[in-house]
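To be precise, the following lines are final16.tsv, and they hold TSV, C-alpha atoms.
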```
chain	number	residue	atom	x	y	z
A	89	MET	CA	-193.69	107.42	28.41
A	90	GLY	CA	-191.65	108.04	31.56
A	91	VAL	CA	-190.96	105.73	34.48
A	92	ARG	CA	-191.18	105.99	38.26
A	93	ILE	CA	-190.53	104.16	41.49
A	94	VAL	CA	-192.98	104.59	44.35
A	95	LYS	CA	-192.56	103.78	48.02
A	96	ASP	CA	-196.04	103.53	49.53
A	97	LEU	CA	-196.25	103.02	53.28
A	98	PRO	CA	-199.08	101.21	55.07
A	99	ARG	CA	-201.84	103.10	56.86
A	100	PHE	CA	-200.88	104.52	60.23
A	101	GLY	CA	-203.02	105.62	63.15
A	102	ALA	CA	-204.11	109.24	63.20
A	103	ASN	CA	-201.51	110.15	65.83
A	104	LEU	CA	-198.63	108.95	63.59
A	105	LYS	CA	-199.83	110.20	60.20
A	106	GLY	CA	-198.23	113.62	60.68
A	107	SER	CA	-194.82	112.21	61.53
A	108	VAL	CA	-194.92	109.81	58.57
A	109	ALA	CA	-195.97	112.65	56.24
A	110	ARG	CA	-192.96	114.68	57.42
A	111	ALA	CA	-190.66	111.79	56.46
A	112	MET	CA	-191.97	111.48	52.89
A	113	PRO	CA	-190.01	114.38	51.29
A	114	LYS	CA	-186.78	112.95	52.77
A	115	ILE	CA	-187.64	109.49	51.41
A	116	ALA	CA	-188.42	110.96	47.97
A	117	ALA	CA	-185.07	112.78	47.93
A	118	TYR	CA	-183.36	109.53	48.94
A	119	LEU	CA	-185.06	107.62	46.09
A	120	GLN	CA	-183.89	110.31	43.67
A	121	SER	CA	-180.35	110.08	45.05
A	122	CYS	CA	-180.36	106.26	44.76
A	123	ALA	CA	-181.42	106.42	41.10
A	124	ASN	CA	-178.68	108.94	40.29
A	125	LYS	CA	-176.05	106.84	42.09
A	126	LYS	CA	-177.06	103.80	40.02
A	127	ILE	CA	-176.76	105.82	36.81
A	128	ASN	CA	-173.39	107.26	37.86
A	129	ARG	CA	-172.03	103.79	38.73
A	130	GLY	CA	-173.19	102.40	35.40
A	131	VAL	CA	-175.91	99.81	34.96
A	132	PRO	CA	-175.03	96.58	33.13
A	133	PRO	CA	-174.94	95.29	30.46
A	134	ALA	CA	-172.06	97.18	28.88
A	135	ASN	CA	-172.63	99.46	25.89
A	136	ALA	CA	-172.48	97.86	22.46
A	137	PRO	CA	-169.18	98.61	20.65
A	138	LEU	CA	-170.88	101.08	18.27
A	139	THR	CA	-172.53	102.95	21.17
A	140	ALA	CA	-169.23	103.11	23.04
A	141	ALA	CA	-167.52	104.48	19.90
A	142	VAL	CA	-170.19	107.16	19.38
A	143	LYS	CA	-170.17	108.19	23.04
A	144	GLN	CA	-166.38	107.80	23.28
A	145	GLY	CA	-166.84	105.95	26.56
A	146	ASN	CA	-168.35	102.88	28.18
A	147	ARG	CA	-170.59	104.49	30.81
A	148	THR	CA	-174.11	103.17	30.35
A	149	LEU	CA	-177.11	105.51	30.69
A	150	ARG	CA	-174.70	108.47	30.52
A	151	ASP	CA	-174.36	110.61	27.42
A	152	THR	CA	-175.69	114.14	27.67
A	153	GLY	CA	-176.64	113.85	31.36
A	154	ALA	CA	-180.32	114.43	30.53
A	155	LEU	CA	-181.58	111.20	32.09
A	156	ALA	CA	-179.94	111.77	35.48
A	157	ALA	CA	-180.97	115.44	35.48
A	158	SER	CA	-184.59	114.55	34.68
A	159	ILE	CA	-185.18	112.39	37.78
A	160	ALA	CA	-187.39	114.32	40.20
A	161	ALA	CA	-188.62	113.60	43.73
A	162	HIS	CA	-192.30	113.85	44.77
A	163	SER	CA	-194.16	112.95	47.94
A	164	GLY	CA	-197.57	112.82	49.61
A	165	GLN	CA	-198.95	111.88	53.03
A	166	THR	CA	-197.95	108.20	52.88
A	167	TRP	CA	-195.97	107.86	49.65
A	168	ALA	CA	-192.78	109.08	48.00
A	169	ASP	CA	-191.48	108.64	44.48
A	170	ALA	CA	-188.62	109.40	42.14
A	171	SER	CA	-189.57	109.62	38.47
A	172	THR	CA	-188.63	110.89	35.04
A	173	ASN	CA	-190.88	111.81	32.14
A	174	LEU	CA	-188.22	111.51	29.42
A	175	LYS	CA	-189.64	109.63	26.42
A	176	TYR	CA	-186.79	107.14	26.27
A	177	ALA	CA	-186.59	106.44	30.03
A	178	ARG	CA	-189.03	103.51	30.03
A	179	ILE	CA	-187.18	101.56	27.35
A	180	GLN	CA	-183.89	102.16	29.17
A	181	GLN	CA	-185.45	100.85	32.39
A	182	GLU	CA	-187.33	97.87	30.92
A	183	GLY	CA	-185.58	97.16	27.62
A	184	GLY	CA	-187.36	96.42	24.35
A	185	THR	CA	-187.24	96.78	20.60
A	186	ILE	CA	-187.47	100.09	18.75
A	187	THR	CA	-188.86	99.55	15.25
A	188	SER	CA	-188.69	102.00	12.37
A	189	LYS	CA	-191.98	103.60	11.37
A	190	GLY	CA	-190.79	104.58	7.92
A	191	LYS	CA	-187.36	105.35	6.50
A	192	GLY	CA	-185.35	103.39	9.06
A	193	LEU	CA	-183.57	104.24	12.27
A	194	TRP	CA	-180.54	106.40	11.55
A	195	ILE	CA	-177.79	105.47	14.01
A	196	PRO	CA	-174.63	107.62	14.28
A	197	ALA	CA	-171.75	105.53	12.91
A	198	GLY	CA	-169.08	106.89	15.23
A	199	ALA	CA	-167.66	109.77	17.23
A	200	LYS	CA	-167.10	111.79	14.04
A	201	THR	CA	-170.87	111.90	13.42
A	202	ARG	CA	-171.41	113.23	16.95
A	203	GLN	CA	-168.69	115.87	16.42
A	204	LEU	CA	-170.35	116.99	13.18
A	205	MET	CA	-173.75	117.20	14.89
A	206	ARG	CA	-172.23	119.55	17.47
A	207	GLN	CA	-170.36	121.51	14.79
A	208	TYR	CA	-173.52	122.09	12.76
A	209	SER	CA	-175.84	122.42	15.81
A	210	ALA	CA	-177.92	119.52	14.48
A	211	THR	CA	-180.28	117.56	16.72
A	212	SER	CA	-181.42	115.02	14.12
A	213	PRO	CA	-179.94	113.16	11.13
A	214	GLY	CA	-182.05	115.24	8.73
A	215	GLN	CA	-180.77	118.53	10.17
A	216	LEU	CA	-177.18	117.35	9.95
A	217	ILE	CA	-177.50	116.15	6.36
A	218	ARG	CA	-179.12	119.44	5.25
A	219	ALA	CA	-176.42	121.47	7.02
A	220	MET	CA	-173.60	119.40	5.56
A	221	LYS	CA	-175.07	119.59	2.04
A	222	GLY	CA	-175.26	123.37	2.51
A	223	ALA	CA	-171.55	123.29	3.40
A	224	LYS	CA	-170.79	121.46	0.13
A	225	TRP	CA	-170.34	117.95	1.52
A	226	LYS	CA	-170.94	115.13	-0.93
A	227	MET	CA	-173.45	112.63	0.52
A	228	TRP	CA	-175.00	109.39	-0.71
A	229	ARG	CA	-176.65	106.20	0.45
A	230	ALA	CA	-174.78	102.90	0.08
A	231	GLY	CA	-177.03	100.03	1.12
A	232	LYS	CA	-177.68	100.39	4.86
A	233	ALA	CA	-175.21	103.25	5.29
A	234	TRP	CA	-175.28	107.00	4.62
A	235	MET	CA	-171.88	108.13	3.40
A	236	ALA	CA	-170.20	111.54	3.49
A	237	GLN	CA	-167.14	113.07	1.86
A	238	LYS	CA	-165.61	116.54	1.94
A	239	GLY	CA	-163.47	117.49	-1.04
A	240	LYS	CA	-160.74	114.91	-1.64
A	241	GLN	CA	-160.84	113.47	1.89
A	242	ALA	CA	-161.64	109.78	2.25
A	243	PRO	CA	-165.37	109.05	2.43
A	244	PHE	CA	-166.75	107.71	5.71
A	245	VAL	CA	-169.98	106.26	7.09
A	246	LEU	CA	-172.05	108.99	8.73
A	247	PHE	CA	-175.14	106.95	9.71
A	248	ILE	CA	-176.02	103.27	9.77
A	249	ILE	CA	-179.66	102.65	8.82
A	250	LYS	CA	-181.48	99.87	10.66
A	251	ASP	CA	-185.04	98.57	10.60
A	252	LYS	CA	-185.04	97.92	14.35
A	253	VAL	CA	-182.78	98.15	17.38
A	254	GLN	CA	-182.87	96.00	20.52
A	255	ILE	CA	-182.33	97.97	23.75
A	256	PRO	CA	-181.29	95.90	26.79
A	257	ALA	CA	-182.97	96.58	30.15
A	258	ARG	CA	-180.82	98.73	32.42
A	259	PRO	CA	-182.99	99.33	35.51
A	260	PHE	CA	-182.06	102.44	37.45
A	261	LEU	CA	-185.34	103.05	39.34
A	262	TYR	CA	-185.78	100.32	41.95
A	263	ILE	CA	-185.20	99.77	45.67
A	264	ASP	CA	-182.78	97.11	46.86
A	265	LYS	CA	-182.80	95.57	50.37
A	266	LYS	CA	-180.19	97.99	51.73
A	267	GLU	CA	-182.18	100.99	50.45
A	268	GLU	CA	-185.42	99.54	51.86
A	269	SER	CA	-183.78	99.24	55.30
A	270	TYR	CA	-182.59	102.84	55.16
A	271	ILE	CA	-186.08	104.06	54.20
A	272	MET	CA	-187.58	102.23	57.18
A	273	ARG	CA	-184.98	103.90	59.43
A	274	ILE	CA	-186.10	107.30	58.11
A	275	VAL	CA	-189.69	106.43	59.02
A	276	GLN	CA	-188.73	105.09	62.45
A	277	GLU	CA	-186.74	108.23	63.23
A	278	ALA	CA	-189.67	110.42	62.18
A	279	VAL	CA	-192.08	108.47	64.37
A	280	PHE	CA	-189.62	108.52	67.29
A	281	LEU	CA	-189.21	112.30	67.03
A	282	SER	CA	-192.94	112.77	66.82
A	283	LEU	CA	-193.54	110.68	69.94
A	284	LYS	CA	-190.73	112.53	71.72
A	285	GLU	CA	-192.29	115.91	70.84
A	286	ASP	CA	-195.68	114.72	72.18
A	287	ASN	CA	-194.20	113.87	75.59
```
Show me the file's structure as structure tokens.
Amino acid sequence: MGVRIVKDLPRFGANLKGSVARAMPKIAAYLQSCANKKINRGVPPANAPLTAAVKQGNRTLRDTGALAASIAAHSGQTWADASTNLKYARIQQEGGTITSKGKGLWIPAGAKTRQLMRQYSATSPGQLIRAMKGAKWKMWRAGKAWMAQKGKQAPFVLFIIKDKVQIPARPFLYIDKKEESYIMRIVQEAVFLSLKEDN
């Protein structure tokens, strides 16, 4: 379901285990910070035009802020990790195809759909459609689109219905060479301080 990155250090002698263990929370916090920086910078490829229209922006992996907020740091004696248990995190990290299990995947057709979801406090297409019908909106299906119209206003596409959607990989949990070097510096400093305290 979720996804994680783990930094596991090799076995150390008994006299250094304590100093390495003390470094692990700092390394875990650093891994968490690295993941959030990647998300904040934006991970390629760019959003599809429809996604950008719905989100009213081009920042990848950023919409409600839930993904970045969900990344947590954990550590043990010789390991540290940053992870998230959000259901959609793995497909964002690795990419893949989401296939409908029934009545299709209902994709918001634009920013107006998102505005209406907020207006009616809807968290799913079904909730929004029920709320809008209750508010006297006219609604109908036209091929692969779900249309909406209020009074004499022009009708518009509320949702696009697809059988499957391809999600590109946008890895945000990984360690690059620069980050690896910094982690090793954290360990070296912890060992140095430990040896200094012992003398």
Q: Take the point (-181.6, 108.6, 37.9) as written in the file and pick out every residue within 8 Å of it, counting only C-alpha atoms; give the list as a ChimeraX atom specification.
A: /A:120-127,155-159,172,260-261
Near-region 236-248 of chain A list (6 Å; all atoms listed in the file; drop same-chain fewer than 5 positions) as a PDB file with C-alpha atoms, in the coordinates of the input:
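That gives us around-v9.pdb:
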```pdb
ATOM      1  CA  TRP A 194    -180.540 106.400  11.550  1.00  0.00           C
ATOM      2  CA  ILE A 195    -177.790 105.470  14.010  1.00  0.00           C
ATOM      3  CA  PRO A 196    -174.630 107.620  14.280  1.00  0.00           C
ATOM      4  CA  ALA A 197    -171.750 105.530  12.910  1.00  0.00           C
ATOM      5  CA  THR A 201    -170.870 111.900  13.420  1.00  0.00           C
ATOM      6  CA  TRP A 225    -170.340 117.950   1.520  1.00  0.00           C
ATOM      7  CA  LYS A 226    -170.940 115.130  -0.930  1.00  0.00           C
ATOM      8  CA  MET A 227    -173.450 112.630   0.520  1.00  0.00           C
TER       9      MET A 227
END
```
Q: Please measure the separation of CA of Gly153 (chain A) and CA of Thr187 (chain A), giving the value in Å to one decimal.
A: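 Taking CA of Gly153 (chain A) as the start and CA of Thr187 (chain A) as the end point, the length is 24.8 Å.
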Q.
For a quick check of understanding, using all atoms listed in the file, which of A:Lys250, A:Lys284, A:Thr139, A:Met205 has the smallest distance to Arg218 (chain A)?
A.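 Counting all atoms listed in the file, the residue closest to Arg218 (chain A) is A:Met205.
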Q. In terms of the shortest atom-to-atom distance over only C-alpha atoms, which of A:Tyr176, A:Tyr118, A:Trp167, A:Tyr270 is closest to Ile255 (chain A)?
A.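 Selected residue with least distance to Ile255 (chain A): A:Tyr176.
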**Q.** Distance criterion (all atoms listed in the file): nearest to Ala134 (chain A) out of A:Arg258, A:Pro213, A:Ala219, A:Val94
**A.** A:Arg258
Rows by chain and residue number, region 170-197 of chain A within 12 Å of region 146-152 of chain A, shortest pair, only C-alpha atoms, as CSV:
```
residue,atom,partner,partner_atom,distance
A:Tyr176,CA,A:Leu149,CA,10.8
A:Ala177,CA,A:Leu149,CA,9.5
A:Ile179,CA,A:Leu149,CA,11.3
A:Gln180,CA,A:Leu149,CA,7.7
A:Gln181,CA,A:Leu149,CA,9.7
```
(Q) Just the number, please: distance in Å from CA of Pro259 (chain A) to CA of Arg178 (chain A), one decimal. (A) 9.2 Å
(Q) When you count only C-alpha atoms, which of these residues is closest to Ala141 (chain A): A:Arg202, A:Ser269, A:Gln276, A:Trp228? (A) A:Arg202
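If you look at CA of Ile249 (chain A) and CA of Ser209 (chain A), they are 21.3 Å away from each other.
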Q: Check the smallest atom-to-atom distance from each of A:Arg92, A:Lys252, A:Ala210, A:Gly106 to Ala160 (chain A) using only C-alpha atoms, then report the winner.
A: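 Ranked by minimum distance to Ala160 (chain A), first place goes to A:Arg92.
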Q.
Counting all atoms listed in the file, which residues have an atom no more than 10 Å from (-191.5, 116.2, 59.6) in the file's coordinates? Please list them as number ranges by chain.
A. A: 106-114, 275, 277-279, 281-282
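Using all atoms listed in the file, the nearest neighbour of Val91 (chain A) within the list A:Thr211, A:Ser171, A:Gln203, A:Thr185 is A:Ser171.
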Completed region 184-195 of chain A (all heavy atoms) as a compact mmCIF listing (two decimals), in the frame of the given file:
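part_35.txt, written as the output of this step:
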```txt
# COMPACT_ATOMS: atom_id res chain seq x y z
N GLY A 184 -186.35 96.63 25.39
CA GLY A 184 -187.36 96.42 24.35
C GLY A 184 -186.78 96.67 22.97
O GLY A 184 -185.59 96.94 22.80
N THR A 185 -187.64 96.60 21.99
CA THR A 185 -187.24 96.78 20.60
C THR A 185 -187.84 98.07 20.06
O THR A 185 -189.04 98.31 20.21
CB THR A 185 -187.72 95.60 19.73
OG1 THR A 185 -187.18 94.39 20.27
CG2 THR A 185 -187.27 95.75 18.29
N ILE A 186 -187.01 98.89 19.44
CA ILE A 186 -187.47 100.09 18.75
C ILE A 186 -187.50 99.75 17.27
O ILE A 186 -186.50 99.33 16.70
CB ILE A 186 -186.54 101.29 18.99
CG1 ILE A 186 -186.47 101.61 20.49
CG2 ILE A 186 -187.00 102.51 18.20
CD1 ILE A 186 -185.46 102.68 20.84
N THR A 187 -188.68 99.89 16.65
CA THR A 187 -188.86 99.55 15.25
C THR A 187 -189.11 100.81 14.43
O THR A 187 -189.86 101.69 14.85
CB THR A 187 -190.05 98.57 15.10
OG1 THR A 187 -189.82 97.43 15.94
CG2 THR A 187 -190.20 98.10 13.67
N SER A 188 -188.51 100.87 13.26
CA SER A 188 -188.69 102.00 12.37
C SER A 188 -190.14 102.12 11.93
O SER A 188 -190.80 101.12 11.65
CB SER A 188 -187.79 101.84 11.14
OG SER A 188 -188.14 102.78 10.15
N LYS A 189 -190.61 103.36 11.85
CA LYS A 189 -191.98 103.60 11.37
C LYS A 189 -191.97 104.13 9.93
O LYS A 189 -192.98 104.62 9.46
CB LYS A 189 -192.68 104.60 12.29
CG LYS A 189 -192.90 104.06 13.69
CD LYS A 189 -193.56 105.08 14.57
CE LYS A 189 -193.75 104.55 15.98
NZ LYS A 189 -194.26 105.57 16.91
N GLY A 190 -190.84 104.04 9.28
CA GLY A 190 -190.79 104.58 7.92
C GLY A 190 -189.47 104.36 7.23
O GLY A 190 -189.18 103.28 6.73
N LYS A 191 -188.60 105.37 7.28
CA LYS A 191 -187.36 105.35 6.50
C LYS A 191 -186.17 104.77 7.26
O LYS A 191 -185.03 105.00 6.89
CB LYS A 191 -187.04 106.76 6.03
CG LYS A 191 -188.09 107.34 5.10
CD LYS A 191 -187.73 108.72 4.64
CE LYS A 191 -188.79 109.28 3.70
NZ LYS A 191 -188.46 110.64 3.26
N GLY A 192 -186.43 104.03 8.30
CA GLY A 192 -185.35 103.39 9.06
C GLY A 192 -184.91 104.23 10.24
O GLY A 192 -185.26 105.40 10.37
N LEU A 193 -184.16 103.58 11.12
CA LEU A 193 -183.57 104.24 12.27
C LEU A 193 -182.14 104.63 11.90
O LEU A 193 -181.35 103.77 11.52
CB LEU A 193 -183.57 103.30 13.48
CG LEU A 193 -184.94 102.77 13.91
CD1 LEU A 193 -184.78 101.66 14.94
CD2 LEU A 193 -185.80 103.89 14.46
N TRP A 194 -181.84 105.90 11.97
CA TRP A 194 -180.54 106.40 11.55
C TRP A 194 -179.64 106.49 12.77
O TRP A 194 -179.80 107.37 13.62
CB TRP A 194 -180.69 107.75 10.85
CG TRP A 194 -181.38 107.61 9.53
CD1 TRP A 194 -182.59 107.03 9.27
CD2 TRP A 194 -180.88 108.03 8.27
NE1 TRP A 194 -182.87 107.06 7.95
CE2 TRP A 194 -181.85 107.68 7.29
CE3 TRP A 194 -179.73 108.69 7.86
CZ2 TRP A 194 -181.68 107.95 5.95
CZ3 TRP A 194 -179.56 108.97 6.51
CH2 TRP A 194 -180.53 108.60 5.58
N ILE A 195 -178.66 105.59 12.86
CA ILE A 195 -177.79 105.47 14.01
C ILE A 195 -176.44 106.12 13.69
O ILE A 195 -175.82 105.78 12.68
CB ILE A 195 -177.55 103.98 14.36
CG1 ILE A 195 -178.86 103.18 14.36
CG2 ILE A 195 -176.79 103.84 15.67
CD1 ILE A 195 -179.85 103.59 15.39
```
